[in-house]
file upload_17.tsv (TSV, C-alpha atoms)
chain	number	residue	atom	x	y	z
A	1	MET	CA	78.97	133.97	90.23
A	2	THR	CA	79.21	131.06	87.79
A	3	GLU	CA	80.47	127.87	89.41
A	4	THR	CA	82.25	124.99	87.73
A	5	ALA	CA	80.48	121.72	86.98
A	6	SER	CA	82.57	120.07	89.72
A	7	ALA	CA	81.47	122.65	92.30
A	8	LEU	CA	77.81	122.26	91.30
A	9	TRP	CA	78.10	118.47	91.59
A	10	ILE	CA	79.63	118.72	95.07
A	11	ASN	CA	76.97	121.22	96.15
A	12	SER	CA	74.21	118.87	94.99
A	13	THR	CA	75.69	115.58	96.17
A	14	PHE	CA	76.62	116.74	99.67
A	15	ALA	CA	73.83	119.27	100.25
A	16	GLY	CA	72.07	117.18	102.90
A	17	PHE	CA	75.30	116.27	104.68
A	18	ASP	CA	76.56	119.85	104.66
A	19	ILE	CA	73.43	121.43	106.08
A	20	ALA	CA	72.95	118.71	108.72
A	21	VAL	CA	76.51	118.96	110.07
A	22	THR	CA	76.61	122.76	109.91
A	23	THR	CA	73.32	123.01	111.77
A	24	ALA	CA	74.55	120.56	114.43
A	25	ILE	CA	77.77	122.48	115.00
A	26	HIS	CA	75.91	125.77	115.04
A	27	ARG	CA	74.11	124.43	118.14
A	28	LEU	CA	77.34	125.28	119.97
A	29	TYR	CA	76.64	128.92	119.24
A	30	GLU	CA	73.05	128.65	120.39
A	31	VAL	CA	73.93	126.76	123.57
A	32	GLY	CA	76.92	128.92	124.46
A	33	GLY	CA	75.52	132.23	123.29
A	34	GLY	CA	78.73	132.95	121.42
A	35	PHE	CA	80.97	131.66	124.23
A	36	PHE	CA	82.80	129.30	121.86
A	37	THR	CA	83.37	131.89	119.14
A	38	PRO	CA	86.70	133.31	120.47
A	39	PHE	CA	88.09	129.78	120.90
A	40	PHE	CA	87.29	128.76	117.34
A	41	GLU	CA	88.58	132.09	116.03
A	42	PHE	CA	91.88	131.41	117.80
A	43	VAL	CA	92.11	127.85	116.45
A	44	SER	CA	91.37	129.14	112.95
A	45	LEU	CA	94.03	131.83	113.33
A	46	LEU	CA	96.65	129.15	114.00
A	47	GLY	CA	96.04	127.77	110.52
A	48	LYS	CA	95.98	131.06	108.61
A	49	GLY	CA	98.51	130.93	105.81
A	50	GLY	CA	100.10	127.93	107.48
A	51	ILE	CA	102.55	130.36	109.14
A	52	PHE	CA	102.26	128.95	112.67
A	53	LEU	CA	102.60	125.36	111.45
A	54	ILE	CA	105.55	126.20	109.22
A	55	LEU	CA	107.35	127.95	112.09
A	56	LEU	CA	106.59	125.02	114.38
A	57	SER	CA	107.97	122.52	111.87
A	58	LEU	CA	111.12	124.62	111.47
A	59	LEU	CA	111.58	124.77	115.23
A	60	LEU	CA	111.17	121.00	115.52
A	61	THR	CA	113.59	120.46	112.63
A	62	PHE	CA	116.21	122.69	114.22
A	63	HIS	CA	116.12	120.63	117.43
A	64	LYS	CA	117.84	117.29	116.87
A	65	PRO	CA	115.57	115.06	119.07
A	66	THR	CA	112.46	116.27	117.21
A	67	ARG	CA	113.98	116.61	113.73
A	68	ARG	CA	112.09	113.63	112.31
A	69	PHE	CA	108.79	115.21	113.29
A	70	GLY	CA	109.72	118.62	111.90
A	71	THR	CA	111.10	117.24	108.64
A	72	ALA	CA	107.99	115.17	107.97
A	73	MET	CA	105.75	118.10	108.89
A	74	MET	CA	107.52	120.42	106.45
A	75	ILE	CA	107.25	117.89	103.63
A	76	GLY	CA	103.59	117.28	104.45
A	77	LEU	CA	102.79	121.00	104.48
A	78	ALA	CA	104.48	121.45	101.11
A	79	LEU	CA	102.59	118.53	99.55
A	80	GLY	CA	99.27	119.59	101.05
A	81	THR	CA	99.65	123.17	99.85
A	82	LEU	CA	100.44	121.97	96.35
A	83	MET	CA	97.46	119.63	96.19
A	84	THR	CA	94.95	121.99	97.84
A	85	ASN	CA	95.85	125.58	97.00
A	86	CYS	CA	97.56	125.07	93.66
A	87	ILE	CA	95.40	122.32	92.16
A	88	LEU	CA	92.04	121.48	93.78
A	89	LYS	CA	90.89	124.97	94.78
A	90	VAL	CA	91.75	126.29	91.33
A	91	LEU	CA	90.11	123.45	89.39
A	92	ILE	CA	86.94	123.13	91.47
A	93	ALA	CA	86.46	126.81	92.39
A	94	ARG	CA	83.65	126.22	94.87
A	95	ALA	CA	82.17	129.36	96.40
A	96	ARG	CA	82.20	129.93	100.16
A	97	PRO	CA	79.06	129.04	102.15
A	98	TYR	CA	78.33	132.70	102.93
A	99	ALA	CA	78.40	133.67	99.23
A	100	ASP	CA	74.70	132.86	98.90
A	101	GLN	CA	72.94	135.54	100.93
A	102	SER	CA	69.63	133.68	100.77
A	103	SER	CA	71.04	130.56	102.47
A	104	ILE	CA	71.00	129.44	106.09
A	105	TYR	CA	74.80	129.47	105.96
A	106	TYR	CA	74.73	133.23	105.45
A	107	GLN	CA	72.56	133.66	108.53
A	108	PHE	CA	74.90	131.52	110.63
A	109	TRP	CA	77.88	133.41	109.22
A	110	GLN	CA	76.44	136.74	110.32
A	111	LEU	CA	75.95	135.48	113.86
A	112	VAL	CA	79.51	134.21	114.35
A	113	GLY	CA	81.39	137.28	113.18
A	114	MET	CA	81.26	137.44	109.38
A	115	HIS	CA	84.83	136.26	108.77
A	116	THR	CA	85.80	136.32	105.10
A	117	GLU	CA	88.37	134.43	103.02
A	118	SER	CA	89.89	135.43	99.70
A	119	ASP	CA	90.23	132.04	97.98
A	120	LYS	CA	87.85	129.25	97.04
A	121	SER	CA	86.18	126.85	99.44
A	122	PHE	CA	87.00	123.27	98.39
A	123	PRO	CA	88.88	121.72	100.07
A	124	SER	CA	89.57	123.48	103.36
A	125	GLY	CA	93.17	124.72	103.28
A	126	HIS	CA	93.27	125.24	107.05
A	127	THR	CA	92.13	121.66	107.69
A	128	THR	CA	94.50	120.28	105.08
A	129	ALA	CA	97.44	122.08	106.71
A	130	ALA	CA	96.44	120.90	110.18
A	131	PHE	CA	96.39	117.27	109.03
A	132	ASP	CA	99.56	117.75	106.97
A	133	ALA	CA	101.26	118.54	110.26
A	134	CYS	CA	99.50	116.35	112.83
A	135	VAL	CA	99.42	113.08	110.88
A	136	PRO	CA	103.25	112.77	110.77
A	137	VAL	CA	103.38	113.47	114.51
A	138	PHE	CA	100.77	110.78	115.09
A	139	LEU	CA	102.53	108.21	112.91
A	140	LEU	CA	106.07	108.88	114.16
A	141	GLY	CA	105.32	109.45	117.83
A	142	LYS	CA	104.39	107.12	120.66
A	143	LYS	CA	100.73	106.32	120.16
A	144	ARG	CA	99.92	106.73	123.85
A	145	VAL	CA	100.35	110.48	123.43
A	146	SER	CA	100.76	111.16	119.70
A	147	TRP	CA	97.06	110.58	119.01
A	148	THR	CA	96.38	113.90	120.76
A	149	ALA	CA	97.95	115.66	117.74
A	150	LEU	CA	94.89	114.61	115.74
A	151	LEU	CA	92.71	116.63	118.11
A	152	PHE	CA	94.21	119.80	116.67
A	153	GLY	CA	93.23	118.77	113.16
A	154	ILE	CA	89.71	117.89	114.26
A	155	ALA	CA	89.36	121.16	116.18
A	156	MET	CA	90.50	123.06	113.10
A	157	GLY	CA	87.84	121.39	110.97
A	158	ILE	CA	85.10	122.16	113.49
A	159	ALA	CA	86.30	125.76	113.75
A	160	ARG	CA	86.04	126.29	110.01
A	161	ILE	CA	82.50	124.91	109.94
A	162	TYR	CA	81.49	126.87	113.06
A	163	LEU	CA	82.69	130.13	111.49
A	164	CYS	CA	80.78	129.23	108.30
A	165	VAL	CA	83.77	129.80	106.04
A	166	HIS	CA	83.65	126.18	104.87
A	167	PHE	CA	81.08	123.51	104.14
A	168	PRO	CA	81.57	120.26	106.09
A	169	SER	CA	82.38	118.49	102.81
A	170	ASP	CA	85.24	120.99	102.34
A	171	VAL	CA	86.58	119.99	105.73
A	172	VAL	CA	86.28	116.24	105.10
A	173	ALA	CA	88.14	116.70	101.82
A	174	GLY	CA	90.81	118.68	103.66
A	175	MET	CA	91.17	115.86	106.20
A	176	LEU	CA	91.62	113.32	103.40
A	177	VAL	CA	94.13	115.41	101.44
A	178	GLY	CA	96.03	116.29	104.62
A	179	THR	CA	96.15	112.66	105.73
A	180	LEU	CA	97.42	111.57	102.30
A	181	ALA	CA	100.06	114.32	102.33
A	182	GLY	CA	101.08	113.48	105.89
A	183	CYS	CA	101.45	109.76	105.19
A	184	THR	CA	103.42	110.47	102.02
A	185	ALA	CA	105.65	112.86	103.96
A	186	VAL	CA	106.46	110.16	106.52
A	187	ILE	CA	107.48	107.79	103.71
A	188	ILE	CA	109.64	110.44	102.04
A	189	SER	CA	111.25	111.50	105.32
A	190	SER	CA	112.19	107.88	106.05
A	191	ARG	CA	114.22	107.86	102.81
A	192	ILE	CA	116.34	110.85	103.83
A	193	PRO	CA	119.92	109.83	104.81
A	194	SER	CA	120.38	109.37	108.55
A	195	LYS	CA	123.18	111.93	108.69
A	196	TRP	CA	120.54	114.65	108.19
A	197	TYR	CA	118.87	113.59	111.43
A	198	GLU	CA	122.18	113.21	113.25
A	199	ALA	CA	123.71	116.53	112.18
A	200	GLU	CA	124.50	119.13	114.83
A	201	PHE	CA	123.36	122.59	113.75
A	202	ILE	CA	125.02	124.24	116.73
A	203	LYS	CA	128.41	122.98	117.83
A	204	ARG	CA	129.79	123.77	121.26
A	205	LYS	CA	133.13	125.52	121.26
A	206	ALA	CA	135.82	123.34	122.73
A	207	GLY	CA	137.72	126.37	124.03
A	208	ALA	CA	134.83	127.52	126.18
A	209	HIS	CA	134.54	124.05	127.69
A	210	GLU	CA	138.25	123.91	128.42
A	211	CYS	CA	138.23	127.33	130.10
A	212	SER	CA	135.43	126.27	132.40
A	213	ASP	CA	137.44	123.17	133.36
A	214	SER	CA	140.63	125.15	134.04
A	215	GLY	CA	138.80	127.52	136.31
A	216	LYS	CA	137.90	124.77	138.73

call {"tool": "encode", "arguments": {"input": "upload_17.tsv", "output": "structure tokens"}}
result
Amino acid sequence: MTETASALWINSTFAGFDIAVTTAIHRLYEVGGGFFTPFFEFVSLLGKGGIFLILLSLLLTFHKPTRRFGTAMMIGLALGTLMTNCILKVLIARARPYADQSSIYYQFWQLVGMHTESDKSFPSGHTTAAFDACVPVFLLGKKRVSWTALLFGIAMGIARIYLCVHFPSDVVAGMLVGTLAGCTAVIISSRIPSKWYEAEFIKRKAGAHECSDSGK
């Protein structure tokens, strides 16, 4: 398969970094004898198609106390998808690590389950989506607990490298794009009129309340 000049440049520039980080993370497989594989498969599944994160953002938006989180997450996911799936993946068109059957990546990939993906590799869409969602939570929440949201994004990046469906440089790029999208989403969400955040989607019926009072 013919790769673009951008993909070839990334492959060459980050070759040492990619192999070093992938090899280090693959130690988890060697140490655990595959014990960690189901965990990373589950984490990766949570980012597939962004469905889980979209549903979570909708749920948070529907609930008034968490609407700011959900709104910012939805905006971040939309921006991240546009930048990653619609622009960068198409322009750069980097092949997946397992595409080269003579590489060490292919050997690692065979050991951890041979998971395949249909689109291009750079940047990591799963990692982008995870940071699209967790960065707004981190920025808008109380820092004593909101920093834990970033652990999900980090775990997603490690999972994608562990499963050998992404190069580490793909994941780093996904983190950067997702962080940019998440920060932008927080700024945009802060410009939305306050009545959106104060609106009641479900209103209690006054008649039902009055009947309960009259029955006392």

call {"tool": "closest_residue", "arguments": {"input": "upload_17.tsv", "among": "A:Arg191, A:Lys143, A:Arg160, A:Arg27", "to": "A:Glu117", "atoms": "all atoms listed in the file"}}
result
A:Arg160

call {"tool": "closest_residue", "arguments": {"input": "upload_17.tsv", "among": "A:Ile10, A:Pro168, A:Glu200, A:Pro136", "to": "A:Gly76", "atoms": "only C-alpha atoms"}}
result
A:Pro136

call {"tool": "closest_residue", "arguments": {"input": "upload_17.tsv", "among": "A:Glu41, A:Arg67, A:Ile51, A:Thr127", "to": "A:Ile192", "atoms": "only C-alpha atoms"}}
result
A:Arg67

call {"tool": "residues_around", "arguments": {"input": "upload_17.tsv", "residues": "A:Thr22", "least_positions_apart": "6", "cutoff": "10 Å", "atoms": "only C-alpha atoms", "output": "compact mmCIF listing (two decimals) with C-alpha atoms, keeping the file's coordinate frame"}}
result
# COMPACT_ATOMS: atom_id res chain seq x y z
CA ILE A 104 71.00 129.44 106.09
CA TYR A 105 74.80 129.47 105.96
CA PHE A 108 74.90 131.52 110.63
CA ILE A 158 85.10 122.16 113.49
CA ILE A 161 82.50 124.91 109.94
CA TYR A 162 81.49 126.87 113.06
CA LEU A 163 82.69 130.13 111.49
CA CYS A 164 80.78 129.23 108.30
CA HIS A 166 83.65 126.18 104.87
CA PHE A 167 81.08 123.51 104.14
CA PRO A 168 81.57 120.26 106.09

call {"tool": "closest_residue", "arguments": {"input": "upload_17.tsv", "among": "A:Phe17, A:Phe122, A:Phe152, A:Phe62", "to": "A:Cys134", "atoms": "all atoms listed in the file"}}
result
A:Phe152

call {"tool": "closest_residue", "arguments": {"input": "upload_17.tsv", "among": "A:Gly113, A:Gly182, A:Pro65, A:Gly174", "to": "A:Val135", "atoms": "all atoms listed in the file"}}
result
A:Gly182

call {"tool": "closest_residue", "arguments": {"input": "upload_17.tsv", "among": "A:Glu3, A:Lys64, A:Tyr106, A:Gly32", "to": "A:Phe201", "atoms": "only C-alpha atoms"}}
result
A:Lys64

call {"tool": "residues_around", "arguments": {"input": "upload_17.tsv", "residues": "A:Asn11", "least_positions_apart": "4", "cutoff": "12 Å", "atoms": "all atoms listed in the file", "output": "MDAnalysis selection string"}}
result
chainID A and resid 3:7 15:19 92:97 121:122 167:170

call {"tool": "atom_distance", "arguments": {"input": "upload_17.tsv", "atom1": "atom CA of A:Phe14", "atom2": "atom CA of A:Thr148"}}
result
29.0 Å

call {"tool": "residues_near_point", "arguments": {"input": "upload_17.tsv", "point": "(97.7, 112.1, 115.2)", "cutoff": "12 Å", "atoms": "only C-alpha atoms", "output": "PDB file with C-alpha atoms, keeping the file's coordinate frame"}}
result
ATOM      1  CA  PHE A  69     108.790 115.210 113.290  1.00  0.00           C
ATOM      2  CA  MET A  73     105.750 118.100 108.890  1.00  0.00           C
ATOM      3  CA  ALA A 130      96.440 120.900 110.180  1.00  0.00           C
ATOM      4  CA  PHE A 131      96.390 117.270 109.030  1.00  0.00           C
ATOM      5  CA  ASP A 132      99.560 117.750 106.970  1.00  0.00           C
ATOM      6  CA  ALA A 133     101.260 118.540 110.260  1.00  0.00           C
ATOM      7  CA  CYS A 134      99.500 116.350 112.830  1.00  0.00           C
ATOM      8  CA  VAL A 135      99.420 113.080 110.880  1.00  0.00           C
ATOM      9  CA  PRO A 136     103.250 112.770 110.770  1.00  0.00           C
ATOM     10  CA  VAL A 137     103.380 113.470 114.510  1.00  0.00           C
ATOM     11  CA  PHE A 138     100.770 110.780 115.090  1.00  0.00           C
ATOM     12  CA  LEU A 139     102.530 108.210 112.910  1.00  0.00           C
ATOM     13  CA  LEU A 140     106.070 108.880 114.160  1.00  0.00           C
ATOM     14  CA  GLY A 141     105.320 109.450 117.830  1.00  0.00           C
ATOM     15  CA  LYS A 142     104.390 107.120 120.660  1.00  0.00           C
ATOM     16  CA  LYS A 143     100.730 106.320 120.160  1.00  0.00           C
ATOM     17  CA  ARG A 144      99.920 106.730 123.850  1.00  0.00           C
ATOM     18  CA  VAL A 145     100.350 110.480 123.430  1.00  0.00           C
ATOM     19  CA  SER A 146     100.760 111.160 119.700  1.00  0.00           C
ATOM     20  CA  TRP A 147      97.060 110.580 119.010  1.00  0.00           C
ATOM     21  CA  THR A 148      96.380 113.900 120.760  1.00  0.00           C
ATOM     22  CA  ALA A 149      97.950 115.660 117.740  1.00  0.00           C
ATOM     23  CA  LEU A 150      94.890 114.610 115.740  1.00  0.00           C
ATOM     24  CA  LEU A 151      92.710 116.630 118.110  1.00  0.00           C
ATOM     25  CA  PHE A 152      94.210 119.800 116.670  1.00  0.00           C
ATOM     26  CA  GLY A 153      93.230 118.770 113.160  1.00  0.00           C
ATOM     27  CA  ILE A 154      89.710 117.890 114.260  1.00  0.00           C
ATOM     28  CA  MET A 175      91.170 115.860 106.200  1.00  0.00           C
ATOM     29  CA  GLY A 178      96.030 116.290 104.620  1.00  0.00           C
ATOM     30  CA  THR A 179      96.150 112.660 105.730  1.00  0.00           C
ATOM     31  CA  GLY A 182     101.080 113.480 105.890  1.00  0.00           C
ATOM     32  CA  CYS A 183     101.450 109.760 105.190  1.00  0.00           C
TER      33      CYS A 183
END
